[in-house]
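Report on the following structure.
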Amino acid sequence: MSSTSTAPHSPAAQRPATVHRSPTAPPRSFIWTRRVLLTLVLIFTLVPVYVMISSSLKPLGDVAGKFSWIPTGFTVRPYIDIWSTIPLARYFMNSLIVAGAASVCSVVVAIFAAYAVSRYRFRGKRVFTVAVLSTQMVPGILFLLPLFLIFVNIGNSTGLSLYGSRGGLILTYLTFSLPFSIWMLIGYFDSIPKDLDEAAMTDGCGPLGALFRIIVPAAVPGIIAVTLYAFMTAWGEVLFASVMTNDTTRTLAVGLQGYSTQNDVYWNQIMAASLVVSVPVVAGFLLLQRYLVAGLTAGAVK
């Protein structure tokens, strides 16, 4: 044994090793402050969800009475009654059709528009991009009356019934989702090297071939992020759906108001229905969240 080695039970061996902090590591006060703030934000976020879940499992008398954090009685009856109190299945189907069609149309049009702006120079390009971006600065409620008058006048002059139809509501939602989708995909397409589509054209692809064979597969995260944004915007929208629909084309966001009558408010069914209608959006978000994060951040550093 070497003369410089330390015995196993010597004081030097029992002394705890000094932990050296990285010079870039944040101080402990910052770490604890961050933990406390994140815990408060988590509680603030989860409390409404807990109240919604617990209220959906209570009898109506318990929900309408004094609020209690711990339910005294559990029942799944609200999850059964929600389908018969109002035509929830029809509202569900209307929302799926409207939100799905609006998101697909928005993405398809945005891909062509964003590719043209990202890859080509043309007169009015800057005016177009500024106009697209400026629509996001205008409150959506300002479009309500103009769109209503346009749909009514089109129906009176041509017989095409946009007002009160799913098609009219899809066009309405495109006015919100399409500008944002174009702007977001422009940034994503800009982050893809132009050498890729130039190489594809050298190999014999045309502009459309380069778009669909090279650019679109490379931009899948951005396209998925845009699709999710358009779908969620249409799925939860209330104001325009309450004006532009009728009894047969009503969507979920408006139809949930049917649980409130002149004499009773079925709070437990409202909470149960809110959880049920949230399932498609939450499931889609959880499945595609990695694409959503990548799509939202890819063009931000360009």
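If you're wondering about the labels, chains in the structure tokens are A, B, ... by order shown, residues count from 1 in each chain, ligands from 1 in order shown.
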Legend entry - Within 7 Å of Phe231 (chain A) using only C-alpha atoms, minus same-chain residues under 5 positions, as a ChimeraX atom specification: /A:99-100,103
Inset, instruction - With a distance cut-off of 9 Å and only C-alpha atoms, select the neighbouring residues of Arg119 (chain A), excluding the residue or stretch itself and same-chain residues fewer than 5 positions from it, and output the selection as a list of chain:residue names. - result: A:Ala114, A:Phe189, A:Asp190, A:Lys194
Legend entry - helix (DSSP H, G or I) call set, DSSP backbone run, region 100-228 of chain A, as JSON, numbers by chain: {"A": [100, 101, 102, 103, 104, 105, 106, 107, 108, 109, 110, 111, 112, 113, 114, 115, 116, 117, 118, 119, 125, 126, 127, 128, 129, 130, 131, 132, 133, 134, 135, 136, 137, 140, 141, 142, 143, 144, 145, 146, 147, 148, 149, 150, 151, 152, 153, 154, 155, 156, 157, 158, 166, 167, 168, 169, 170, 171, 172, 173, 174, 175, 176, 177, 178, 179, 180, 181, 182, 183, 184, 185, 186, 187, 188, 189, 190, 194, 195, 196, 197, 198, 199, 200, 201, 202, 207, 208, 209, 210, 211, 212, 213, 214, 215, 216, 217, 218, 220, 221, 222, 223, 224, 225, 226, 227, 228]}
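CA of Leu42 (chain A) is positioned 21.6 Å from CA of Gly284 (chain A).
Rounded to one decimal, CA of Val238 (chain A) and CA of Leu133 (chain A) lie 23.5 Å from each other.
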Inset, instruction - For Val51 (chain A), please output as a ChimeraX atom specification all residues within 9 Å (counting only C-alpha atoms; exclusion window: fewer than 4 positions along the same chain). - result: /A:46-47,55-56,69,271
Legend entry - Contacts of Ser181 (chain A) within 7 Å, only C-alpha atoms, excl. fewer than 3 positions in-chain, as an MDAnalysis selection string: chainID A and resid 106:107 110 177:178 184:185 226
Just-selected residues, N, CA and C atoms written as an mmCIF file, in the first residue's frame:
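The resulting selection16.cif:
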```
data_model
loop_
_atom_site.group_PDB
_atom_site.id
_atom_site.type_symbol
_atom_site.label_atom_id
_atom_site.label_comp_id
_atom_site.auth_asym_id
_atom_site.auth_seq_id
_atom_site.Cartn_x
_atom_site.Cartn_y
_atom_site.Cartn_z
ATOM 1 N N SER A 106 -58.136 25.223 -43.650
ATOM 2 C CA SER A 106 -57.153 26.221 -43.235
ATOM 3 C C SER A 106 -55.737 25.754 -43.536
ATOM 4 N N VAL A 107 -55.447 24.492 -43.242
ATOM 5 C CA VAL A 107 -54.094 23.976 -43.448
ATOM 6 C C VAL A 107 -53.772 23.879 -44.935
ATOM 7 N N ALA A 110 -53.285 27.355 -46.323
ATOM 8 C CA ALA A 110 -52.100 27.970 -45.720
ATOM 9 C C ALA A 110 -50.812 27.386 -46.277
ATOM 10 N N SER A 177 -58.607 31.388 -38.317
ATOM 11 C CA SER A 177 -57.501 30.430 -38.295
ATOM 12 C C SER A 177 -56.578 30.566 -39.501
ATOM 13 N N LEU A 178 -57.114 30.968 -40.652
ATOM 14 C CA LEU A 178 -56.283 30.997 -41.861
ATOM 15 C C LEU A 178 -55.143 32.013 -41.781
ATOM 16 N N MET A 184 -47.745 31.402 -39.509
ATOM 17 C CA MET A 184 -46.931 30.412 -38.801
ATOM 18 C C MET A 184 -46.178 29.511 -39.785
ATOM 19 N N LEU A 185 -46.822 29.096 -40.849
ATOM 20 C CA LEU A 185 -46.153 28.224 -41.812
ATOM 21 C C LEU A 185 -45.097 28.968 -42.620
ATOM 22 N N VAL A 226 -50.351 23.750 -36.658
ATOM 23 C CA VAL A 226 -51.373 24.612 -37.255
ATOM 24 C C VAL A 226 -52.739 23.922 -37.245
#
```
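Minimum atom-to-atom distance to Asn268 (chain A), evaluated using only C-alpha atoms, belongs to A:Phe74 out of A:Phe30, A:Tyr291, A:Phe44, A:Phe74.
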Inset, instruction - Would you list the contacts of region 212-219 of chain A as a PyMOL selection string, taking every protein, DNA or RNA residue within 12 Å and counting only C-alpha atoms, but skipping same-chain residues closer than 2 positions in sequence? - result: chain A and resi 107-108+110-112+114-116+118-119+184-201+203-210+221-226+291-292+294-296+298-299
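Minimum atom-to-atom distance to Val282 (chain A), evaluated using only C-alpha atoms, belongs to A:Leu228 out of A:Gly159, A:Leu228, A:Met244, A:Ile270.
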Which residues, written as an mmCIF file with N, CA and C atoms, in the first residue's frame, have at least one atom at most 10 Å from region 82-94 of chain A, with only C-alpha atoms counted and residues fewer than 6 positions away on the same chain left out?
```
data_model
loop_
_atom_site.group_PDB
_atom_site.id
_atom_site.type_symbol
_atom_site.label_atom_id
_atom_site.label_comp_id
_atom_site.auth_asym_id
_atom_site.auth_seq_id
_atom_site.Cartn_x
_atom_site.Cartn_y
_atom_site.Cartn_z
ATOM 1 N N GLY A 100 -63.392 20.023 -37.877
ATOM 2 C CA GLY A 100 -62.539 19.250 -38.765
ATOM 3 C C GLY A 100 -62.403 19.883 -40.138
ATOM 4 N N ARG A 166 -73.714 24.741 -41.622
ATOM 5 C CA ARG A 166 -72.354 24.392 -41.216
ATOM 6 C C ARG A 166 -71.322 25.042 -42.132
ATOM 7 N N TRP A 235 -63.376 24.422 -32.165
ATOM 8 C CA TRP A 235 -64.074 23.524 -31.239
ATOM 9 C C TRP A 235 -64.675 24.277 -30.043
ATOM 10 N N ASP A 247 -81.102 25.485 -34.697
ATOM 11 C CA ASP A 247 -81.287 24.304 -33.855
ATOM 12 C C ASP A 247 -80.631 23.051 -34.428
ATOM 13 N N THR A 248 -80.581 22.921 -35.748
ATOM 14 C CA THR A 248 -80.025 21.709 -36.362
ATOM 15 C C THR A 248 -78.515 21.765 -36.539
ATOM 16 N N THR A 249 -77.957 22.955 -36.608
ATOM 17 C CA THR A 249 -76.506 23.081 -36.844
ATOM 18 C C THR A 249 -75.768 23.572 -35.603
ATOM 19 N N ARG A 250 -76.420 23.595 -34.471
ATOM 20 C CA ARG A 250 -75.795 24.107 -33.242
ATOM 21 C C ARG A 250 -74.608 23.222 -32.847
ATOM 22 N N THR A 251 -73.554 23.862 -32.367
ATOM 23 C CA THR A 251 -72.348 23.133 -31.956
ATOM 24 C C THR A 251 -72.341 22.929 -30.442
ATOM 25 N N LEU A 252 -71.340 22.190 -29.973
ATOM 26 C CA LEU A 252 -71.276 21.840 -28.555
ATOM 27 C C LEU A 252 -71.151 23.064 -27.666
ATOM 28 N N ALA A 253 -70.302 23.997 -28.047
ATOM 29 C CA ALA A 253 -70.058 25.150 -27.190
ATOM 30 C C ALA A 253 -71.344 25.915 -26.907
ATOM 31 N N VAL A 254 -72.247 25.947 -27.866
ATOM 32 C CA VAL A 254 -73.530 26.625 -27.673
ATOM 33 C C VAL A 254 -74.556 25.666 -27.084
ATOM 34 N N GLY A 255 -74.513 24.423 -27.498
ATOM 35 C CA GLY A 255 -75.509 23.459 -27.044
ATOM 36 C C GLY A 255 -75.470 23.189 -25.552
ATOM 37 N N LEU A 256 -74.316 23.354 -24.918
ATOM 38 C CA LEU A 256 -74.223 23.114 -23.478
ATOM 39 C C LEU A 256 -75.108 24.056 -22.682
ATOM 40 N N GLN A 257 -75.488 25.172 -23.267
ATOM 41 C CA GLN A 257 -76.384 26.089 -22.573
ATOM 42 C C GLN A 257 -77.774 25.490 -22.393
ATOM 43 N N GLY A 258 -78.082 24.413 -23.108
ATOM 44 C CA GLY A 258 -79.377 23.767 -22.985
ATOM 45 C C GLY A 258 -79.606 23.099 -21.642
ATOM 46 N N TYR A 259 -78.539 22.862 -20.886
ATOM 47 C CA TYR A 259 -78.710 22.285 -19.547
ATOM 48 C C TYR A 259 -79.215 23.306 -18.546
ATOM 49 N N TYR A 266 -78.959 22.221 -14.458
ATOM 50 C CA TYR A 266 -78.384 20.895 -14.179
ATOM 51 C C TYR A 266 -76.863 21.012 -14.119
ATOM 52 N N ASN A 268 -74.593 19.395 -12.430
ATOM 53 C CA ASN A 268 -73.812 18.153 -12.523
ATOM 54 C C ASN A 268 -73.736 17.653 -13.970
ATOM 55 N N GLN A 269 -74.814 17.825 -14.738
ATOM 56 C CA GLN A 269 -74.769 17.417 -16.143
ATOM 57 C C GLN A 269 -73.901 18.366 -16.970
ATOM 58 N N ILE A 270 -73.919 19.642 -16.624
ATOM 59 C CA ILE A 270 -73.051 20.589 -17.334
ATOM 60 C C ILE A 270 -71.585 20.210 -17.147
ATOM 61 N N MET A 271 -71.239 19.872 -15.898
ATOM 62 C CA MET A 271 -69.854 19.485 -15.630
ATOM 63 C C MET A 271 -69.499 18.172 -16.331
ATOM 64 N N ALA A 272 -70.416 17.214 -16.309
ATOM 65 C CA ALA A 272 -70.154 15.939 -16.977
ATOM 66 C C ALA A 272 -70.009 16.128 -18.489
ATOM 67 N N ALA A 273 -70.894 16.921 -19.081
ATOM 68 C CA ALA A 273 -70.806 17.159 -20.522
ATOM 69 C C ALA A 273 -69.539 17.924 -20.881
ATOM 70 N N VAL A 276 -66.813 15.415 -21.044
ATOM 71 C CA VAL A 276 -66.936 14.532 -22.214
ATOM 72 C C VAL A 276 -66.488 15.244 -23.491
ATOM 73 N N VAL A 277 -66.918 16.485 -23.676
ATOM 74 C CA VAL A 277 -66.577 17.199 -24.920
ATOM 75 C C VAL A 277 -65.116 17.623 -24.938
#
```
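Interatomic distance, CA of Ala230 (chain A) against CA of Tyr173 (chain A): 8.3 Å.
The residue set within 8 Å of Leu169 (chain A), counting only C-alpha atoms and dropping same-chain residues fewer than 6 places from it, reads Val98, Leu162, Tyr163, Phe240, Ala241, Met244 and Thr245 of chain A.
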Same residues, all heavy atoms, saved as a PDB file, in the first residue's frame:
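Produced file selection_3.pdb, reproduced below:
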```pdb
ATOM      1  N   VAL A  98     -67.666  20.744 -38.287  1.00  0.00           N
ATOM      2  CA  VAL A  98     -67.257  22.143 -38.474  1.00  0.00           C
ATOM      3  C   VAL A  98     -65.780  22.332 -38.136  1.00  0.00           C
ATOM      4  O   VAL A  98     -65.012  22.919 -38.919  1.00  0.00           O
ATOM      5  CB  VAL A  98     -68.140  23.063 -37.601  1.00  0.00           C
ATOM      6  CG1 VAL A  98     -67.582  24.483 -37.610  1.00  0.00           C
ATOM      7  CG2 VAL A  98     -69.568  23.061 -38.114  1.00  0.00           C
ATOM      8  N   LEU A 162     -76.004  30.376 -46.465  1.00  0.00           N
ATOM      9  CA  LEU A 162     -74.815  30.287 -45.602  1.00  0.00           C
ATOM     10  C   LEU A 162     -75.174  30.521 -44.145  1.00  0.00           C
ATOM     11  O   LEU A 162     -74.627  29.872 -43.256  1.00  0.00           O
ATOM     12  CB  LEU A 162     -73.767  31.306 -46.058  1.00  0.00           C
ATOM     13  CG  LEU A 162     -73.086  31.020 -47.403  1.00  0.00           C
ATOM     14  CD1 LEU A 162     -72.164  32.168 -47.781  1.00  0.00           C
ATOM     15  CD2 LEU A 162     -72.314  29.713 -47.341  1.00  0.00           C
ATOM     16  N   TYR A 163     -76.092  31.448 -43.925  1.00  0.00           N
ATOM     17  CA  TYR A 163     -76.484  31.727 -42.545  1.00  0.00           C
ATOM     18  C   TYR A 163     -77.265  30.537 -41.963  1.00  0.00           C
ATOM     19  O   TYR A 163     -78.228  30.060 -42.559  1.00  0.00           O
ATOM     20  CB  TYR A 163     -77.352  32.983 -42.500  1.00  0.00           C
ATOM     21  CG  TYR A 163     -77.937  33.244 -41.134  1.00  0.00           C
ATOM     22  CD1 TYR A 163     -77.125  33.660 -40.092  1.00  0.00           C
ATOM     23  CD2 TYR A 163     -79.291  33.033 -40.887  1.00  0.00           C
ATOM     24  CE1 TYR A 163     -77.646  33.872 -38.829  1.00  0.00           C
ATOM     25  CE2 TYR A 163     -79.826  33.254 -39.632  1.00  0.00           C
ATOM     26  CZ  TYR A 163     -78.995  33.664 -38.606  1.00  0.00           C
ATOM     27  OH  TYR A 163     -79.509  33.873 -37.354  1.00  0.00           O
ATOM     28  N   PHE A 240     -69.588  33.352 -32.285  1.00  0.00           N
ATOM     29  CA  PHE A 240     -70.052  33.228 -33.668  1.00  0.00           C
ATOM     30  C   PHE A 240     -70.977  32.017 -33.840  1.00  0.00           C
ATOM     31  O   PHE A 240     -71.922  32.073 -34.624  1.00  0.00           O
ATOM     32  CB  PHE A 240     -68.859  33.119 -34.624  1.00  0.00           C
ATOM     33  CG  PHE A 240     -68.156  34.414 -34.848  1.00  0.00           C
ATOM     34  CD1 PHE A 240     -67.193  34.855 -33.961  1.00  0.00           C
ATOM     35  CD2 PHE A 240     -68.462  35.210 -35.934  1.00  0.00           C
ATOM     36  CE1 PHE A 240     -66.535  36.053 -34.145  1.00  0.00           C
ATOM     37  CE2 PHE A 240     -67.817  36.421 -36.143  1.00  0.00           C
ATOM     38  CZ  PHE A 240     -66.843  36.841 -35.231  1.00  0.00           C
ATOM     39  N   ALA A 241     -70.706  30.945 -33.102  1.00  0.00           N
ATOM     40  CA  ALA A 241     -71.574  29.766 -33.210  1.00  0.00           C
ATOM     41  C   ALA A 241     -72.973  30.057 -32.685  1.00  0.00           C
ATOM     42  O   ALA A 241     -73.961  29.496 -33.186  1.00  0.00           O
ATOM     43  CB  ALA A 241     -70.948  28.611 -32.445  1.00  0.00           C
ATOM     44  N   MET A 244     -74.490  32.284 -35.750  1.00  0.00           N
ATOM     45  CA  MET A 244     -74.492  31.759 -37.109  1.00  0.00           C
ATOM     46  C   MET A 244     -75.118  30.374 -37.243  1.00  0.00           C
ATOM     47  O   MET A 244     -75.079  29.801 -38.334  1.00  0.00           O
ATOM     48  CB  MET A 244     -73.040  31.694 -37.633  1.00  0.00           C
ATOM     49  CG  MET A 244     -72.356  33.042 -37.716  1.00  0.00           C
ATOM     50  SD  MET A 244     -73.116  34.107 -38.955  1.00  0.00           S
ATOM     51  CE  MET A 244     -71.986  35.508 -38.936  1.00  0.00           C
ATOM     52  N   THR A 245     -75.662  29.819 -36.179  1.00  0.00           N
ATOM     53  CA  THR A 245     -76.240  28.470 -36.258  1.00  0.00           C
ATOM     54  C   THR A 245     -77.702  28.505 -35.850  1.00  0.00           C
ATOM     55  O   THR A 245     -78.183  29.469 -35.237  1.00  0.00           O
ATOM     56  CB  THR A 245     -75.481  27.487 -35.345  1.00  0.00           C
ATOM     57  OG1 THR A 245     -75.526  27.968 -33.993  1.00  0.00           O
ATOM     58  CG2 THR A 245     -74.043  27.351 -35.774  1.00  0.00           C
TER      59      THR A 245
END
```
